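K.L.:
Mind looking over this structure? Questions follow.
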Amino acid sequence: MSTLARARCVLGAHPSTTDTVLAVVVLVCMVAGSFVDPHGPEGVSWGLSTPDALSLALMTAGAAALAFRRRQPMAVLVVTGCVSVVESVTGDPRAPVVMSAVIALYTVAASTDRPTTWRVGLLTTTVLTGAAMLAGPLPWYAQENLAVFAWTGIGATAGDAVRSRRAFVQAIRDRAEKAERTREEEARRRVAEERLRIARDLHDVVAHHIALVNVQAGVASHVMDKRPDQAKEALAHVREASRSALDELRATVGLLRQSGDPEAPTEPAPGLARLDELVGTFHHAGLRVEVARTDQGTELPAAVDLAAYRIIQEALTNVQKHAGRQARAEVSVVRVGPDIEVTVLDDGTADGEAPDGTTEGGGHGLLGMRERVTAVRGTLTTGPRYGGGFRVHAILPVKSRTDAATQAT
């Protein structure tokens with residue numbers, strides 16, 4: 001963050017203090033300007049002129065009002081305008097009290113709409129310039145009177161420009177946020193529609209074939225003793241229906257796979273018993289992995305065991321893809337009371353990429369981990385480590401809900 005940006009943040013966080021400091025600075029500038037007399041006895045000669053007590057009081061009042069310019073901009077403009085008019089009529093030589101009115105007019109223009117700015121700006125310019133030209137001690141065409149007209153116009157124009165820029169920036173931000181919300185809502189809608197379609201397909205497949213299996217199994221059970229040939233035929237139908245159900249389920253679930261995903265394995269689902277084999281594959285790929293386990297003797301439900309294995313697999317894949325060639329990973333599987341905690345750490349320094357699921361438009365690695373953990377009623381925490389690297393920490397219940405309900409009964 002640049003120095004200017006930090007200064008803006010500090011000033012924006014303390015508006016009252018900022019206005020107070022501005023009031024003091026304006027007062028110093030007005031007092032310093034009041035000591036200068038541009039009208040010497042021999043034409044234009046710059047000399048020192050001590051302001052009178054009334055001018056000092058008016059300058060103090062105008063500067064003090066600026067401390068409240070954000071809270072009551074119109075009231076501050078009225079006060080500073082009044083003291084400016086009084087100074088224009090009575091001051092000889094005139095003190096620059098109108099400076100406070102210009103700043104107050106700028107504040108009004110920056111905090112209201114354009115029609116209000118034009119009306120207030122025109123009224124302020126007319127009153128201050130008219131008072132200086134018609135009721136002041138100087139001729140109406142004096143340079144100081146024209147300066148009042150110029151500075152009030154500049155104050156109103158600058159405030160309107162600042163307000164327009166703020167509105168433009170805010171409109172861009174609002175459009176960006178709206179577009180982001182719309183994109184996220186559209187993505188969620190598409191995901192929900194796809195899941196609903198797949199759920200319907202699965203329901204149709206499972207309902208049809210399970211009903212067929214149920215009927216054929218009933219027939220086989222009924223004729224098993226008296227007509228074994230018909231029972232064998234019914235069991236053959238059961239086998240064929242179950243095979244068809246598995247094929248259609250595989251085809252339906254295959255729609256969820258990405259184009260580059262490998263084919264579904266025919267071997268049993270992996271678990272933590274195959275952790276050493278998994279780590280070995282990453283060792284061969286050049287990734288240094290250290291494993292620490294204190295879960296010996298713990299029997300996990302199949303879903304929890306598979307979730308733990310897949311979390312470690314996906315986390316190590318992210319380390320290999322994003323953490324750099326010199327990265328080192330640490331895997332720990334610890335039994336803590338009724339839960340098992342799986343942690344994967346790395347000390348890599350990513351080369352501009354983040355793990356899957358953390359960059360815009362990236363993969364779905366972390367999302368897949370979270371869905372697996374949620375499915376088994378666990379919790380997942382991911383994020384960068386202090387000093388570099390990434391951390392994946394999952395807490396999984398050792399007993400599934402079914403096991404817990406069985407023990408409770």
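To be explicit about the labels: the chains of the structure tokens are called A, B, and onward in the order shown, and within each one the residues are counted from 1, while ligands get numbers from 1 in the order they are shown.
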If we count only C-alpha atoms, what is near Arg288 (chain A) at a cut-off of 10 Å, once residues fewer than 3 positions away on the same chain are taken out, given as number ranges by chain?
P.N.:
A: 279-280, 282-285, 320, 325-330, 346
K.L.:
Please provide the set of residues having any atom within 9 Å of Asn145 (chain A), restricted to only C-alpha atoms, with same-chain residues fewer than 6 positions apart removed, written as a ChimeraX atom specification.
P.N.:
/A:128-130,132-133,136,138-139
K.L.:
Based on DSSP run over this structure's backbone, return all residues of region 116-151 of chain A in alpha helix (DSSP H), as a PyMOL selection string.
P.N.:
chain A and resi 116-130+143-151
K.L.:
Please dump the current selection as a CSV table (one decimal), in the first residue's frame; keep N, CA and C atoms.
P.N.:
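What landed in result.csv:
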chain,number,residue,atom,x,y,z
A,116,THR,N,-28.7,20.6,-6.2
A,116,THR,CA,-28.5,21.3,-4.9
A,116,THR,C,-27.2,22.1,-5.0
A,117,THR,N,-26.2,21.5,-5.6
A,117,THR,CA,-24.9,22.2,-5.7
A,117,THR,C,-25.0,23.4,-6.5
A,118,TRP,N,-25.7,23.3,-7.6
A,118,TRP,CA,-25.9,24.5,-8.5
A,118,TRP,C,-26.6,25.6,-7.8
A,119,ARG,N,-27.7,25.3,-7.1
A,119,ARG,CA,-28.5,26.3,-6.4
A,119,ARG,C,-27.8,27.0,-5.3
A,120,VAL,N,-27.2,26.1,-4.5
A,120,VAL,CA,-26.4,26.7,-3.3
A,120,VAL,C,-25.2,27.4,-3.8
A,121,GLY,N,-24.5,26.9,-4.8
A,121,GLY,CA,-23.3,27.5,-5.2
A,121,GLY,C,-23.6,28.9,-5.9
A,122,LEU,N,-24.7,29.0,-6.7
A,122,LEU,CA,-25.0,30.2,-7.3
A,122,LEU,C,-25.5,31.3,-6.2
A,123,LEU,N,-26.2,30.8,-5.2
A,123,LEU,CA,-26.6,31.7,-4.2
A,123,LEU,C,-25.4,32.2,-3.4
A,124,THR,N,-24.6,31.3,-3.0
A,124,THR,CA,-23.4,31.7,-2.2
A,124,THR,C,-22.5,32.7,-3.0
A,125,THR,N,-22.2,32.3,-4.2
A,125,THR,CA,-21.4,33.2,-5.1
A,125,THR,C,-22.0,34.6,-5.2
A,126,THR,N,-23.3,34.6,-5.4
A,126,THR,CA,-24.0,35.9,-5.6
A,126,THR,C,-24.0,36.8,-4.4
A,127,VAL,N,-24.2,36.1,-3.2
A,127,VAL,CA,-24.3,36.9,-2.0
A,127,VAL,C,-22.9,37.4,-1.6
A,128,LEU,N,-21.9,36.5,-1.6
A,128,LEU,CA,-20.6,36.9,-1.2
A,128,LEU,C,-20.0,38.0,-2.2
A,129,THR,N,-20.1,37.7,-3.5
A,129,THR,CA,-19.5,38.7,-4.4
A,129,THR,C,-20.3,40.0,-4.4
A,130,GLY,N,-21.6,39.9,-4.3
A,130,GLY,CA,-22.4,41.2,-4.2
A,130,GLY,C,-22.1,42.0,-3.0
A,143,GLN,N,-9.6,43.8,-7.5
A,143,GLN,CA,-9.2,42.4,-7.7
A,143,GLN,C,-9.7,41.5,-6.6
A,144,GLU,N,-9.8,42.0,-5.4
A,144,GLU,CA,-10.2,41.1,-4.3
A,144,GLU,C,-11.7,40.7,-4.5
A,145,ASN,N,-12.5,41.6,-5.0
A,145,ASN,CA,-13.9,41.2,-5.3
A,145,ASN,C,-14.0,40.2,-6.4
A,146,LEU,N,-13.3,40.3,-7.4
A,146,LEU,CA,-13.3,39.3,-8.5
A,146,LEU,C,-12.7,38.0,-8.0
A,147,ALA,N,-11.8,38.0,-7.0
A,147,ALA,CA,-11.2,36.8,-6.4
A,147,ALA,C,-12.3,36.1,-5.7
A,148,VAL,N,-13.2,36.8,-5.0
A,148,VAL,CA,-14.3,36.1,-4.2
A,148,VAL,C,-15.2,35.3,-5.2
A,149,PHE,N,-15.5,36.0,-6.3
A,149,PHE,CA,-16.3,35.3,-7.3
A,149,PHE,C,-15.6,34.0,-7.9
A,150,ALA,N,-14.3,34.2,-8.2
A,150,ALA,CA,-13.6,33.1,-8.7
A,150,ALA,C,-13.4,31.9,-7.7
A,151,TRP,N,-13.1,32.2,-6.5
A,151,TRP,CA,-12.8,31.1,-5.5
A,151,TRP,C,-14.1,30.4,-5.1
K.L.:
For the contact check between region 318-344 of chain A and region 388-395 of chain A, emit one row per residue of region 318-344 of chain A within 9 Å, containing the shortest atom pair and the distance in Å rounded to one decimal, counting only C-alpha atoms, chain then rising number order, as a tab-separated table.
P.N.:
residue	atom	partner	partner_atom	distance
A:Val319	CA	A:Phe390	CA	8.2
A:Ala323	CA	A:Gly389	CA	7.2
A:Ala327	CA	A:Gly389	CA	8.5
A:Asp339	CA	A:Ile395	CA	6.4
A:Ile340	CA	A:Ile395	CA	5.9
A:Glu341	CA	A:Ile395	CA	4.6
A:Val342	CA	A:Ala394	CA	5.1
A:Thr343	CA	A:His393	CA	4.4
A:Val344	CA	A:Val392	CA	5.1
K.L.:
Please produce a file of those selected residues containing all heavy atoms, as an mmCIF file, in the first residue's frame.
P.N.:
data_model
loop_
_atom_site.group_PDB
_atom_site.id
_atom_site.type_symbol
_atom_site.label_atom_id
_atom_site.label_comp_id
_atom_site.auth_asym_id
_atom_site.auth_seq_id
_atom_site.Cartn_x
_atom_site.Cartn_y
_atom_site.Cartn_z
ATOM 1 N N VAL A 319 0.167 -30.079 -3.168
ATOM 2 C CA VAL A 319 1.546 -29.725 -2.824
ATOM 3 C C VAL A 319 2.453 -29.934 -4.027
ATOM 4 O O VAL A 319 3.282 -29.080 -4.363
ATOM 5 C CB VAL A 319 2.031 -30.572 -1.624
ATOM 6 C CG1 VAL A 319 3.518 -30.315 -1.366
ATOM 7 C CG2 VAL A 319 1.228 -30.229 -0.374
ATOM 8 N N ALA A 323 3.250 -26.132 -4.780
ATOM 9 C CA ALA A 323 4.145 -25.681 -3.716
ATOM 10 C C ALA A 323 5.586 -25.512 -4.165
ATOM 11 O O ALA A 323 6.410 -25.048 -3.400
ATOM 12 C CB ALA A 323 4.095 -26.662 -2.535
ATOM 13 N N ALA A 327 9.620 -28.236 -2.260
ATOM 14 C CA ALA A 327 8.704 -28.316 -1.124
ATOM 15 C C ALA A 327 8.803 -29.679 -0.434
ATOM 16 O O ALA A 327 9.148 -30.686 -1.045
ATOM 17 C CB ALA A 327 7.270 -28.070 -1.587
ATOM 18 N N ASP A 339 -12.452 -38.849 17.730
ATOM 19 C CA ASP A 339 -12.187 -38.396 16.369
ATOM 20 C C ASP A 339 -10.800 -38.837 15.926
ATOM 21 O O ASP A 339 -9.948 -39.204 16.732
ATOM 22 C CB ASP A 339 -12.280 -36.864 16.273
ATOM 23 C CG ASP A 339 -13.626 -36.343 16.704
ATOM 24 O OD1 ASP A 339 -14.641 -36.965 16.341
ATOM 25 O OD2 ASP A 339 -13.667 -35.324 17.417
ATOM 26 N N ILE A 340 -10.611 -38.749 14.638
ATOM 27 C CA ILE A 340 -9.290 -38.941 14.052
ATOM 28 C C ILE A 340 -8.956 -37.681 13.268
ATOM 29 O O ILE A 340 -9.785 -37.163 12.512
ATOM 30 C CB ILE A 340 -9.239 -40.192 13.146
ATOM 31 C CG1 ILE A 340 -7.806 -40.444 12.695
ATOM 32 C CG2 ILE A 340 -10.179 -40.077 11.963
ATOM 33 C CD1 ILE A 340 -7.623 -41.796 12.038
ATOM 34 N N GLU A 341 -7.762 -37.137 13.507
ATOM 35 C CA GLU A 341 -7.353 -35.893 12.890
ATOM 36 C C GLU A 341 -6.309 -36.173 11.818
ATOM 37 O O GLU A 341 -5.301 -36.832 12.068
ATOM 38 C CB GLU A 341 -6.795 -34.923 13.934
ATOM 39 C CG GLU A 341 -7.816 -34.519 14.989
ATOM 40 C CD GLU A 341 -7.307 -33.406 15.886
ATOM 41 O OE1 GLU A 341 -6.219 -32.858 15.582
ATOM 42 O OE2 GLU A 341 -8.001 -33.076 16.864
ATOM 43 N N VAL A 342 -6.577 -35.650 10.631
ATOM 44 C CA VAL A 342 -5.682 -35.802 9.486
ATOM 45 C C VAL A 342 -5.138 -34.422 9.136
ATOM 46 O O VAL A 342 -5.921 -33.489 8.899
ATOM 47 C CB VAL A 342 -6.420 -36.404 8.275
ATOM 48 C CG1 VAL A 342 -5.501 -36.480 7.064
ATOM 49 C CG2 VAL A 342 -6.974 -37.773 8.623
ATOM 50 N N THR A 343 -3.809 -34.292 9.121
ATOM 51 C CA THR A 343 -3.171 -33.012 8.842
ATOM 52 C C THR A 343 -2.113 -33.193 7.759
ATOM 53 O O THR A 343 -1.314 -34.123 7.822
ATOM 54 C CB THR A 343 -2.509 -32.427 10.100
ATOM 55 O OG1 THR A 343 -3.475 -32.378 11.163
ATOM 56 C CG2 THR A 343 -1.975 -31.026 9.840
ATOM 57 N N VAL A 344 -2.121 -32.291 6.796
ATOM 58 C CA VAL A 344 -1.112 -32.274 5.733
ATOM 59 C C VAL A 344 -0.530 -30.863 5.680
ATOM 60 O O VAL A 344 -1.268 -29.898 5.450
ATOM 61 C CB VAL A 344 -1.699 -32.668 4.363
ATOM 62 C CG1 VAL A 344 -0.611 -32.640 3.293
ATOM 63 C CG2 VAL A 344 -2.343 -34.039 4.432
#
K.L.:
Tell me, in Å to one decimal, how far CA of Ser88 (chain A) is from CA of Arg71 (chain A).
P.N.:
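Going from CA of Ser88 (chain A) over to CA of Arg71 (chain A) covers 26.9 Å.
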K.L.:
CA of Met30 (chain A) and CA of Phe68 (chain A) are how many Å apart?
P.N.:
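It comes out at 18.2 Å.
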K.L.:
For Val289 (chain A), which of A:Arg274, A:Ser332, A:Pro301, A:Ser221 is the closest residue, counting only C-alpha atoms?
P.N.:
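With only C-alpha atoms as the atom set, the closest residue is A:Ser332.
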K.L.:
Which residues are close to region 223-239 of chain A, i.e. within 7 Å by only C-alpha atoms, leaving aside same-chain residues fewer than 5 positions away? Reply as a list in words.
P.N.:
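The neighbour list is Val213, Gln216 and Ala217 of chain A.
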K.L.:
Output the selection as a PDB file, in the first residue's frame - C-alpha atoms for each residue.
P.N.:
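Result file is selection-v6.pdb:
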ATOM      1  CA  VAL A 213     -34.536 -57.908  -8.178  1.00  0.00           C
ATOM      2  CA  GLN A 216     -37.239 -62.322  -8.974  1.00  0.00           C
ATOM      3  CA  ALA A 217     -35.770 -63.020  -5.532  1.00  0.00           C
TER       4      ALA A 217
END
